[in-house]
file model_28.cif (mmCIF, C-alpha atoms)
data_final
loop_
_atom_site.label_atom_id
_atom_site.label_comp_id
_atom_site.auth_asym_id
_atom_site.auth_seq_id
_atom_site.Cartn_x
_atom_site.Cartn_y
_atom_site.Cartn_z
CA MET A 1 0.00 0.00 0.00
CA GLU A 2 1.42 3.33 -1.05
CA LEU A 3 1.12 6.40 1.14
CA ASN A 4 0.79 10.01 0.15
CA TYR A 5 2.94 11.95 2.62
CA SER A 6 2.06 15.43 1.38
CA LEU A 7 -0.41 17.33 3.54
CA GLN A 8 -2.47 20.35 2.67
CA PRO A 9 -2.93 23.20 5.21
CA LEU A 10 -6.53 22.10 5.83
CA GLU A 11 -5.37 18.55 6.56
CA TRP A 12 -2.74 19.83 8.98
CA ALA A 13 -5.43 21.86 10.75
CA LEU A 14 -7.82 18.89 11.00
CA LEU A 15 -5.11 16.65 12.45
CA ALA A 16 -3.98 19.27 14.97
CA CYS A 17 -7.54 19.90 16.16
CA MET A 18 -8.28 16.17 16.40
CA ALA A 19 -5.08 15.54 18.35
CA VAL A 20 -5.74 18.30 20.90
CA THR A 21 -9.39 17.44 21.48
CA ALA A 22 -8.72 13.68 21.61
CA PHE A 23 -5.95 14.20 24.17
CA MET A 24 -8.19 16.35 26.40
CA LEU A 25 -11.04 13.84 26.25
CA ILE A 26 -8.84 10.81 26.95
CA ARG A 27 -7.33 12.64 29.91
CA PHE A 28 -10.82 13.31 31.29
CA TYR A 29 -11.88 9.67 30.90
CA LEU A 30 -8.80 8.37 32.69
CA MET A 31 -8.77 10.98 35.48
CA VAL A 32 -12.54 11.16 36.21
CA TYR A 33 -14.56 8.28 34.74
CA SER A 34 -12.13 5.51 35.63
CA LYS A 35 -12.33 6.40 39.32
CA VAL A 36 -15.94 5.19 39.48
CA TYR A 37 -15.36 1.54 38.58
CA ARG A 38 -12.05 1.41 40.52
CA TYR A 39 -13.64 2.83 43.67
CA LYS A 40 -14.12 0.50 46.64
CA PRO A 41 -17.28 1.67 48.45
CA PRO A 42 -17.52 1.50 52.25
CA GLN A 43 -19.09 -1.62 53.72
CA PRO A 44 -21.48 -1.87 56.70
CA THR A 45 -20.00 -2.49 60.15
CA GLN A 46 -21.44 -3.38 63.54
CA GLU A 47 -22.13 0.30 64.23
CA LYS A 48 -25.64 1.26 63.12
CA HIS A 49 -26.79 4.90 63.18
CA PRO A 50 -30.50 5.76 63.50
CA VAL A 51 -31.63 6.91 60.05
CA SER A 52 -34.54 8.92 58.65
CA VAL A 53 -35.60 8.47 55.02
CA VAL A 54 -37.35 11.58 53.65
CA LEU A 55 -39.56 11.62 50.54
CA SER A 56 -41.47 14.39 48.78
CA SER A 57 -44.82 13.08 47.53
CA LYS A 58 -46.65 15.78 45.60
CA ASN A 59 -48.82 14.13 42.90
CA GLU A 60 -46.91 10.87 43.34
CA TYR A 61 -49.74 8.47 44.18
CA GLU A 62 -48.73 5.74 41.74
CA ALA A 63 -45.05 5.98 42.61
CA LEU A 64 -45.74 5.80 46.36
CA LYS A 65 -48.11 2.88 45.89
CA LYS A 66 -45.43 0.98 44.00
CA ASN A 67 -42.22 1.96 45.83
CA LEU A 68 -42.92 3.11 49.39
CA LEU A 69 -43.19 -0.48 50.57
CA PHE A 70 -39.56 -1.13 49.61
CA TRP A 71 -38.40 1.57 52.01
CA LEU A 72 -40.70 0.52 54.85
CA GLU A 73 -39.48 -3.09 54.70
CA GLN A 74 -35.75 -2.38 54.83
CA LYS A 75 -33.62 -4.74 56.91
CA TYR A 76 -32.31 -2.18 59.35
CA PRO A 77 -32.75 -2.00 63.14
CA ASP A 78 -33.52 1.70 63.68
CA PHE A 79 -35.06 3.88 60.99
CA GLU A 80 -38.13 5.88 60.02
CA VAL A 81 -39.63 6.91 56.69
CA VAL A 82 -40.87 10.51 56.57
CA VAL A 83 -43.27 11.37 53.73
CA VAL A 84 -44.25 15.00 53.11
CA TYR A 85 -47.49 15.64 51.20
CA GLU A 86 -50.04 18.37 50.54
CA GLU A 87 -53.36 18.32 52.33
CA THR A 88 -55.19 18.86 49.04
CA ASP A 89 -53.81 15.60 47.62
CA GLU A 90 -56.58 13.31 48.87
CA ASP A 91 -55.46 10.15 47.05
CA VAL A 92 -51.97 10.35 48.53
CA SER A 93 -53.43 11.15 51.95
CA GLN A 94 -55.60 8.02 51.96
CA LEU A 95 -52.76 5.85 50.69
CA LEU A 96 -50.36 7.10 53.38
CA LYS A 97 -52.92 6.57 56.14
CA GLU A 98 -53.37 3.00 54.96
CA PHE A 99 -49.61 2.43 55.10
CA GLU A 100 -49.45 4.14 58.49
CA ARG A 101 -51.85 1.59 59.98
CA ARG A 102 -49.59 -1.24 58.82
CA TYR A 103 -46.13 0.23 59.51
CA ASP A 104 -45.16 2.10 62.64
CA LYS A 105 -41.97 3.34 60.95
CA LEU A 106 -43.95 5.66 58.67
CA VAL A 107 -44.16 9.34 59.65
CA ILE A 108 -46.58 11.55 57.68
CA ILE A 109 -46.01 15.31 57.42
CA ASN A 110 -48.78 17.53 56.01
CA THR A 111 -47.62 20.86 54.59
CA ASN A 112 -51.14 22.38 54.79
CA GLN A 113 -50.35 24.74 51.93
CA SER A 114 -49.85 24.86 48.20
CA ILE A 115 -46.20 24.82 47.13
CA ASN A 116 -46.54 25.54 43.43
CA PHE A 117 -44.67 28.82 43.48
CA PHE A 118 -41.21 27.27 43.72
CA ASP A 119 -39.43 23.94 43.66
CA GLU A 120 -41.88 21.84 45.66
CA GLN A 121 -39.46 18.95 46.04
CA LYS A 122 -36.76 21.01 47.76
CA PHE A 123 -39.38 22.65 49.97
CA SER A 124 -40.86 19.30 50.99
CA LEU A 125 -37.46 17.75 51.61
CA SER A 126 -36.51 20.69 53.83
CA ILE A 127 -39.70 20.28 55.88
CA GLY A 128 -39.19 16.53 56.11
CA THR A 129 -35.60 16.93 57.27
CA LYS A 130 -36.58 19.41 59.98
CA SER A 131 -39.25 16.97 61.16
CA ALA A 132 -36.93 13.93 61.14
CA HIS A 133 -36.13 12.43 64.53
CA ASN A 134 -32.71 11.07 63.59
CA GLU A 135 -29.38 12.73 62.89
CA TYR A 136 -28.71 10.85 59.63
CA VAL A 137 -31.14 11.71 56.82
CA ILE A 138 -31.48 10.01 53.42
CA MET A 139 -33.32 12.08 50.80
CA THR A 140 -34.93 10.30 47.89
CA HIS A 141 -37.81 10.51 45.42
CA PRO A 142 -40.89 8.25 45.24
CA GLU A 143 -40.13 7.31 41.62
CA PHE A 144 -37.00 5.48 42.81
CA ARG A 145 -36.95 2.28 44.81
CA PRO A 146 -34.03 0.72 46.70
CA ASP A 147 -32.35 -2.09 44.81
CA SER A 148 -31.77 -4.07 47.99
CA GLU A 149 -33.26 -4.67 51.44
CA TYR A 150 -29.97 -3.37 52.85
CA CYS A 151 -29.94 -0.01 51.06
CA ILE A 152 -30.19 2.02 54.29
CA ASP A 153 -27.49 -0.07 55.93
CA HIS A 154 -25.01 0.57 53.12
CA ILE A 155 -25.74 4.29 52.82
CA GLN A 156 -25.31 4.95 56.55
CA ALA A 157 -22.05 2.96 56.45
CA ALA A 158 -20.56 5.75 54.30
CA PHE A 159 -20.79 8.21 57.20
CA THR A 160 -17.52 8.65 59.06
CA PRO A 161 -17.01 11.04 62.01
CA GLU A 162 -16.05 13.77 59.49
CA THR A 163 -18.64 13.01 56.79
CA GLN A 164 -21.48 15.51 56.38
CA VAL A 165 -22.87 14.46 52.99
CA VAL A 166 -23.06 11.10 51.22
CA VAL A 167 -23.57 11.06 47.45
CA GLY A 168 -25.38 7.94 46.22
CA GLN A 169 -25.91 6.36 42.82
CA ALA A 170 -29.19 6.10 40.91
CA ILE A 171 -29.78 3.66 38.06
CA PHE A 172 -32.26 4.62 35.36
CA THR A 173 -33.26 1.14 34.32
CA GLU A 174 -35.08 -1.52 36.34
CA ARG A 175 -33.76 -4.49 34.37
CA LYS A 176 -30.41 -5.41 32.96
CA LYS A 177 -30.22 -4.29 29.34
CA ARG A 178 -28.46 -6.03 26.50
CA PHE A 179 -27.79 -2.70 24.81
CA CYS A 180 -27.38 0.76 26.30
CA SER A 181 -29.83 3.18 24.71
CA TYR A 182 -28.96 6.81 24.06
CA SER A 183 -31.16 7.93 26.96
CA LEU A 184 -29.32 5.65 29.37
CA PHE A 185 -25.99 6.75 27.89
CA ARG A 186 -26.76 10.39 28.79
CA MET A 187 -27.74 9.43 32.35
CA LEU A 188 -24.63 7.28 32.71
CA GLU A 189 -22.35 10.07 31.50
CA GLN A 190 -23.76 12.57 33.99
CA SER A 191 -23.46 10.06 36.81
CA LEU A 192 -19.83 9.25 35.99
CA GLN A 193 -18.96 12.94 35.97
CA TYR A 194 -20.29 13.92 39.39
CA LEU A 195 -19.37 10.59 41.05
CA GLY A 196 -15.83 10.74 39.64
CA PHE A 197 -15.20 14.18 41.10
CA ALA A 198 -16.89 13.28 44.40
CA ILE A 199 -14.64 10.23 44.80
CA ASP A 200 -11.67 12.51 44.18
CA GLY A 201 -12.83 14.76 47.03
CA LYS A 202 -14.24 17.47 44.74
CA ALA A 203 -17.97 16.85 44.95
CA PHE A 204 -20.05 19.48 43.14
CA THR A 205 -23.49 17.93 42.65
CA GLY A 206 -25.64 14.86 43.06
CA ARG A 207 -29.13 13.80 42.06
CA GLN A 208 -31.90 14.46 44.54
CA CYS A 209 -33.07 10.86 44.12
CA LEU A 210 -30.34 9.68 46.52
CA LEU A 211 -28.49 12.02 48.86
CA ALA A 212 -27.77 11.67 52.57
CA TYR A 213 -26.95 14.42 55.08
CA ARG A 214 -26.28 14.96 58.71
CA LYS A 215 -29.34 16.82 59.91
CA ASP A 216 -27.31 19.41 61.84
CA PHE A 217 -25.26 20.26 58.75
CA PHE A 218 -28.40 20.60 56.64
CA LEU A 219 -30.13 22.90 59.13
CA GLU A 220 -26.99 24.91 59.87
CA HIS A 221 -26.94 26.03 56.23
CA ARG A 222 -30.72 26.60 56.11
CA GLY A 223 -31.41 23.64 53.87
CA PHE A 224 -32.58 24.61 50.39
CA SER A 225 -34.17 27.88 51.53
CA ASP A 226 -32.15 30.11 49.20
CA SER A 227 -32.41 27.85 46.14
CA TYR A 228 -36.10 26.91 45.93
CA ALA A 229 -36.52 28.77 42.64
CA LEU A 230 -33.34 27.37 41.08
CA ASN A 231 -33.58 24.47 38.66
CA CYS A 232 -30.44 22.79 39.98
CA GLY A 233 -29.55 19.65 41.86
CA GLY A 234 -30.09 19.25 45.57
CA PHE A 235 -26.43 19.11 46.52
CA ASP A 236 -25.32 22.18 44.55
CA ARG A 237 -26.43 24.46 47.35
CA PHE A 238 -23.86 22.89 49.69
CA ALA A 239 -20.92 22.60 47.31
CA ASN A 240 -19.37 25.84 48.55
CA ARG A 241 -19.92 24.81 52.21
CA ILE A 242 -17.60 21.84 51.87
CA THR A 243 -14.29 22.93 53.36
CA SER A 244 -12.61 19.52 53.32
CA PRO A 245 -12.78 16.55 50.92
CA ARG A 246 -13.45 14.32 53.94
CA MET A 247 -16.78 16.06 54.54
CA VAL A 248 -18.23 14.21 51.52
CA ASN A 249 -18.26 10.48 50.94
CA VAL A 250 -19.55 8.35 48.08
CA GLN A 251 -21.52 5.11 48.24
CA THR A 252 -21.79 3.11 45.00
CA SER A 253 -22.21 -0.45 46.27
CA PRO A 254 -24.91 -2.44 44.39
CA GLU A 255 -26.91 -2.77 47.63
CA SER A 256 -27.07 1.01 48.11
CA ARG A 257 -28.38 1.97 44.69
CA VAL A 258 -31.88 3.12 43.83
CA LYS A 259 -33.61 2.42 40.52
CA TYR A 260 -35.94 4.53 38.45
CA THR A 261 -39.27 2.71 38.16
CA ARG A 262 -40.77 4.59 35.24
CA THR A 263 -39.89 4.44 31.58
CA LEU A 264 -37.05 6.81 30.80
CA THR A 265 -38.46 9.04 28.08
CA LEU A 266 -36.75 11.60 25.87
CA ARG A 267 -38.58 14.35 27.77
CA GLU A 268 -37.02 13.12 31.02
CA VAL A 269 -33.58 13.05 29.39
CA LEU A 270 -34.02 16.64 28.17
CA ARG A 271 -35.19 17.73 31.61
CA GLN A 272 -32.16 16.10 33.23
CA GLU A 273 -29.88 17.66 30.62
CA ARG A 274 -31.28 21.13 31.30
CA TRP A 275 -30.89 20.56 35.04
CA TYR A 276 -27.29 19.50 34.56
CA ARG A 277 -26.48 22.51 32.37
CA ASN A 278 -27.91 24.79 35.07
CA THR A 279 -25.87 22.93 37.66
CA LEU A 280 -22.62 23.41 35.74
CA ALA A 281 -23.37 27.10 35.34
CA ALA A 282 -24.28 27.62 39.01
CA SER A 283 -20.80 28.54 40.24
CA HIS A 284 -17.16 28.48 39.12
CA THR A 285 -15.77 25.57 41.11
CA THR A 286 -12.92 23.55 39.62
CA PRO A 287 -15.01 20.41 38.87
CA ARG A 288 -17.65 22.48 37.10
CA ARG A 289 -15.03 24.27 35.02
CA GLU A 290 -13.40 20.97 34.06
CA THR A 291 -16.74 19.38 33.19
CA ARG A 292 -17.76 22.36 31.08
CA ALA A 293 -14.35 22.21 29.36
CA TYR A 294 -14.87 18.49 28.71
CA ARG A 295 -18.23 19.18 27.08
CA PHE A 296 -16.71 21.94 24.97
CA PHE A 297 -13.85 19.75 23.72
CA ASN A 298 -16.24 16.84 23.18
CA ASN A 299 -18.43 18.97 20.89
CA LEU A 300 -15.36 20.23 19.03
CA TYR A 301 -14.06 16.69 18.61
CA ILE A 302 -17.36 15.51 17.14
CA LEU A 303 -17.43 18.49 14.79
CA PHE A 304 -13.88 17.87 13.53
CA PHE A 305 -14.58 14.14 13.26
CA VAL A 306 -17.56 14.74 10.99
CA LEU A 307 -15.68 17.38 8.96
CA GLY A 308 -12.78 14.99 8.45
CA ILE A 309 -15.08 12.26 7.13
CA VAL A 310 -16.85 14.69 4.78
CA TYR A 311 -13.52 16.03 3.52
CA PHE A 312 -12.14 12.52 2.86
CA VAL A 313 -15.28 11.44 1.00
CA LYS A 314 -15.20 14.60 -1.09
CA MET A 315 -11.56 13.89 -2.00
CA CYS A 316 -12.28 10.33 -3.10
CA LEU A 317 -15.49 10.94 -5.05
CA PRO A 318 -14.11 12.59 -8.23
CA VAL A 319 -11.19 10.19 -8.81
CA GLN A 320 -9.80 7.19 -7.02
CA PRO A 321 -6.60 8.33 -5.24
CA GLU A 322 -3.45 6.51 -6.32
CA ALA A 323 -2.07 6.48 -2.79
CA VAL A 324 -3.74 6.47 0.60
CA PRO A 325 -3.27 9.92 2.21
CA LEU A 326 -1.22 9.70 5.39
CA TRP A 327 -3.37 12.29 7.13
CA ALA A 328 -6.40 10.01 6.76
CA LEU A 329 -4.62 7.15 8.56
CA VAL A 330 -3.53 9.45 11.38
CA PHE A 331 -7.06 10.84 11.52
CA VAL A 332 -8.52 7.33 11.90
CA PHE A 333 -5.90 6.45 14.51
CA LEU A 334 -6.80 9.49 16.64
CA GLY A 335 -10.47 8.65 16.34
CA LEU A 336 -9.89 5.04 17.39
CA CYS A 337 -7.76 6.08 20.38
CA LYS A 338 -10.53 8.31 21.67
CA PHE A 339 -13.42 5.90 21.14
CA ILE A 340 -11.53 2.82 22.39
CA THR A 341 -10.49 4.60 25.59
CA GLN A 342 -14.01 5.89 26.14
CA ALA A 343 -15.50 2.46 25.45
CA ALA A 344 -13.09 0.66 27.78
CA VAL A 345 -13.74 3.07 30.65
CA MET A 346 -17.48 3.62 30.27
CA GLN A 347 -18.29 0.00 29.47
CA LYS A 348 -16.90 -1.18 32.80
CA ALA A 349 -19.07 1.30 34.66
CA ALA A 350 -22.11 0.55 32.47
CA LYS A 351 -21.78 -3.21 32.89
CA SER A 352 -21.57 -3.01 36.67
CA SER A 353 -24.72 -0.86 36.69
CA GLY A 354 -26.78 -2.96 34.27
CA TYR A 355 -26.81 -0.37 31.48
CA GLY A 356 -25.83 -2.84 28.78
CA THR A 357 -23.30 -2.80 25.94
CA LEU A 358 -22.61 0.61 24.42
CA TRP A 359 -19.11 0.58 22.86
CA PHE A 360 -20.15 0.00 19.23
CA MET A 361 -22.77 2.80 19.45
CA LEU A 362 -20.42 5.48 20.78
CA PRO A 363 -19.75 7.26 17.43
CA LEU A 364 -23.49 7.60 16.80
CA TYR A 365 -24.18 8.70 20.38
CA ALA A 366 -21.43 11.31 20.07
CA ILE A 367 -23.13 12.86 17.05
CA LEU A 368 -26.55 12.74 18.76
CA SER A 369 -25.04 14.48 21.79
CA LEU A 370 -23.83 17.33 19.59
CA PHE A 371 -27.32 17.74 18.11
CA LEU A 372 -28.78 17.69 21.63
CA GLN A 373 -26.45 20.46 22.80
CA VAL A 374 -27.27 22.58 19.75
CA ALA A 375 -31.02 22.05 20.25
CA LEU A 376 -30.84 23.06 23.92
CA TRP A 377 -28.71 26.08 23.07
CA GLY A 378 -31.19 27.16 20.37
CA ARG A 379 -34.13 26.74 22.74
CA LYS A 380 -32.39 28.83 25.37
CA ARG A 381 -31.66 31.57 22.81
CA ARG A 382 -35.31 31.66 21.72
CA ARG A 383 -36.39 32.15 25.30
#

call {"tool": "encode", "arguments": {"input": "model_28.cif", "output": "structure tokens"}}
result
Amino acid sequence: MELNYSLQPLEWALLACMAVTAFMLIRFYLMVYSKVYRYKPPQPTQEKHPVSVVLSSKNEYEALKKNLLFWLEQKYPDFEVVVVYEETDEDVSQLLKEFERRYDKLVIINTNQSINFFDEQKFSLSIGTKSAHNEYVIMTHPEFRPDSEYCIDHIQAAFTPETQVVVGQAIFTERKKRFCSYSLFRMLEQSLQYLGFAIDGKAFTGRQCLLAYRKDFFLEHRGFSDSYALNCGGFDRFANRITSPRMVNVQTSPESRVKYTRTLTLREVLRQERWYRNTLAASHTTPRRETRAYRFFNNLYILFFVLGIVYFVKMCLPVQPEAVPLWALVFVFLGLCKFITQAAVMQKAAKSSGYGTLWFMLPLYAILSLFLQVALWGRKRRR
């Protein structure tokens, strides 16, 4: 096979851009994503702390009916489940009273007011935390159920004498998948980003579906009172209050996870994506800057990847080249290095979480991610 060693200025530019963006992305995968599957989560010991599980239940009748039982029947010696609901929600009220007759661990809190004027979940979780009787509080959402009878036991095991916040892991599929869909890929990518930084002692966010706090720490910083109207994650409010990496711990054991019990729709993915964009823009911490930089380089990489393919096809269409251009081989090599590294790192995390195989779909998912970012940017500009 003959090679054409001569390079045009445009080819030099494509290779340089591909090399820089590929290097930045590979660095991010190895320094952030790989920490998740190499992390050894804390295991339960003989010491058991009294725990309160707090749920916000506005308009969540079906979710409570399906999932509340899994929290009430946890294998743990000392815990309570606090559910906050609106008085006007009669269906939820009747359901909770029925559960209350059967389980003495259930505590019902009635807000006695409408909470439509700001983030009702944060408001309800704040009320539930203030009403909790125990120092260790697990916040979750009715749409998620624990994946094990020992979920509480494993989450409380992550609290050390210095730990104030525990970031947990949520899985957005109930069953093990053979293939990882694009929706699951987006959820997995977000999870790897905030868990990777949290494991490294630089926690900056976490999903409200599974977070745990010390009650005193939560109340000391007035809970979510100054962020009710913000469309951001529940932990973001406390990111600047963390003065030491040892104040935050991470629990990713299979027994501690919670699973989403509804079908993950495109609308939910878009909502999560908007939430995550708001989260990254909330403040200028180092993890947020690095994650925003990763997204920027990822979009550039996809753009240059597509441009390189279009340019190569355009070169080959008029006449068959006598020699294979060297730049094309280097271009393919850079592309393979990026996708193979990403596949090797993300597939380990995806497999352990039941997300299914995704490596052969990564090029397509990369292009879809670029379109998603452009669509969200255009929607924001129109607003």

call {"tool": "resolve_selection", "arguments": {"input": "model_28.cif", "expression": "the PyMOL selection byres ((chain A and resi 290) around 12)", "output": "list in words"}}
result
Met24, Leu25, Arg27, Phe28, Tyr29, Met31, Val32, Gln193, Tyr194, Gly196, Phe197, Lys202, Phe204, Leu280, Ala281, His284, Thr285, Thr286, Pro287, Arg288, Arg289, Thr291, Arg292, Ala293, Tyr294, Arg295, Phe296, Phe297 and Asn298 of chain A

call {"tool": "residues_around", "arguments": {"input": "model_28.cif", "residues": "A:Tyr37", "least_positions_apart": "3", "cutoff": "7 Å", "atoms": "all atoms listed in the file", "output": "short mmCIF file (atom, residue, chain, number, x, y, z; two decimals) with C-alpha atoms, in the coordinates of the input"}}
result
data_model
loop_
_atom_site.label_atom_id
_atom_site.label_comp_id
_atom_site.auth_asym_id
_atom_site.auth_seq_id
_atom_site.Cartn_x
_atom_site.Cartn_y
_atom_site.Cartn_z
CA SER A 34 -12.13 5.51 35.63
CA LYS A 348 -16.90 -1.18 32.80
CA ALA A 349 -19.07 1.30 34.66
#

call {"tool": "closest_residue", "arguments": {"input": "model_28.cif", "among": "A:Pro142, A:Gly308, A:Arg246, A:Val324", "to": "A:Leu14", "atoms": "all atoms listed in the file"}}
result
A:Gly308

call {"tool": "closest_residue", "arguments": {"input": "model_28.cif", "among": "A:Ala198, A:Leu211, A:Tyr182, A:Val306", "to": "A:Val269", "atoms": "all atoms listed in the file"}}
result
A:Tyr182

call {"tool": "atom_distance", "arguments": {"input": "model_28.cif", "atom1": "atom CA of A:Val248", "atom2": "atom CA of A:Pro161"}}
result
11.0 Å

call {"tool": "residues_near_point", "arguments": {"input": "model_28.cif", "point": "(-34.7, 10.1, 57.8)", "cutoff": "6 Å", "atoms": "all atoms listed in the file", "output": "PyMOL selection string"}}
result
chain A and resi 51-54+80-81+132+137-138

call {"tool": "resolve_selection", "arguments": {"input": "model_28.cif", "expression": "the PyMOL selection byres ((chain A and resi 257) around 12)", "output": "PyMOL selection string"}}
result
chain A and resi 41+140+144-155+167-174+209-211+250-256+258-260+352-354

call {"tool": "atom_distance", "arguments": {"input": "model_28.cif", "atom1": "atom CA of A:Leu372", "atom2": "atom CA of A:Ser181"}}
result
14.9 Å

call {"tool": "atom_distance", "arguments": {"input": "model_28.cif", "atom1": "atom CA of A:Tyr33", "atom2": "atom CA of A:Cys337"}}
result
16.0 Å

call {"tool": "resolve_selection", "arguments": {"input": "model_28.cif", "expression": "the PyMOL selection byres ((chain A and resi 159) around 10)", "output": "ChimeraX atom specification"}}
result
/A:42,49,136,154-158,160-166,212-214,247-251

call {"tool": "closest_residue", "arguments": {"input": "model_28.cif", "among": "A:Val330, A:Arg175, A:Asn110, A:Met187", "to": "A:Glu90", "atoms": "all atoms listed in the file"}}
result
A:Asn110

call {"tool": "closest_residue", "arguments": {"input": "model_28.cif", "among": "A:Leu7, A:Ile127, A:Ile26, A:Leu370", "to": "A:Glu86", "atoms": "only C-alpha atoms"}}
result
A:Ile127
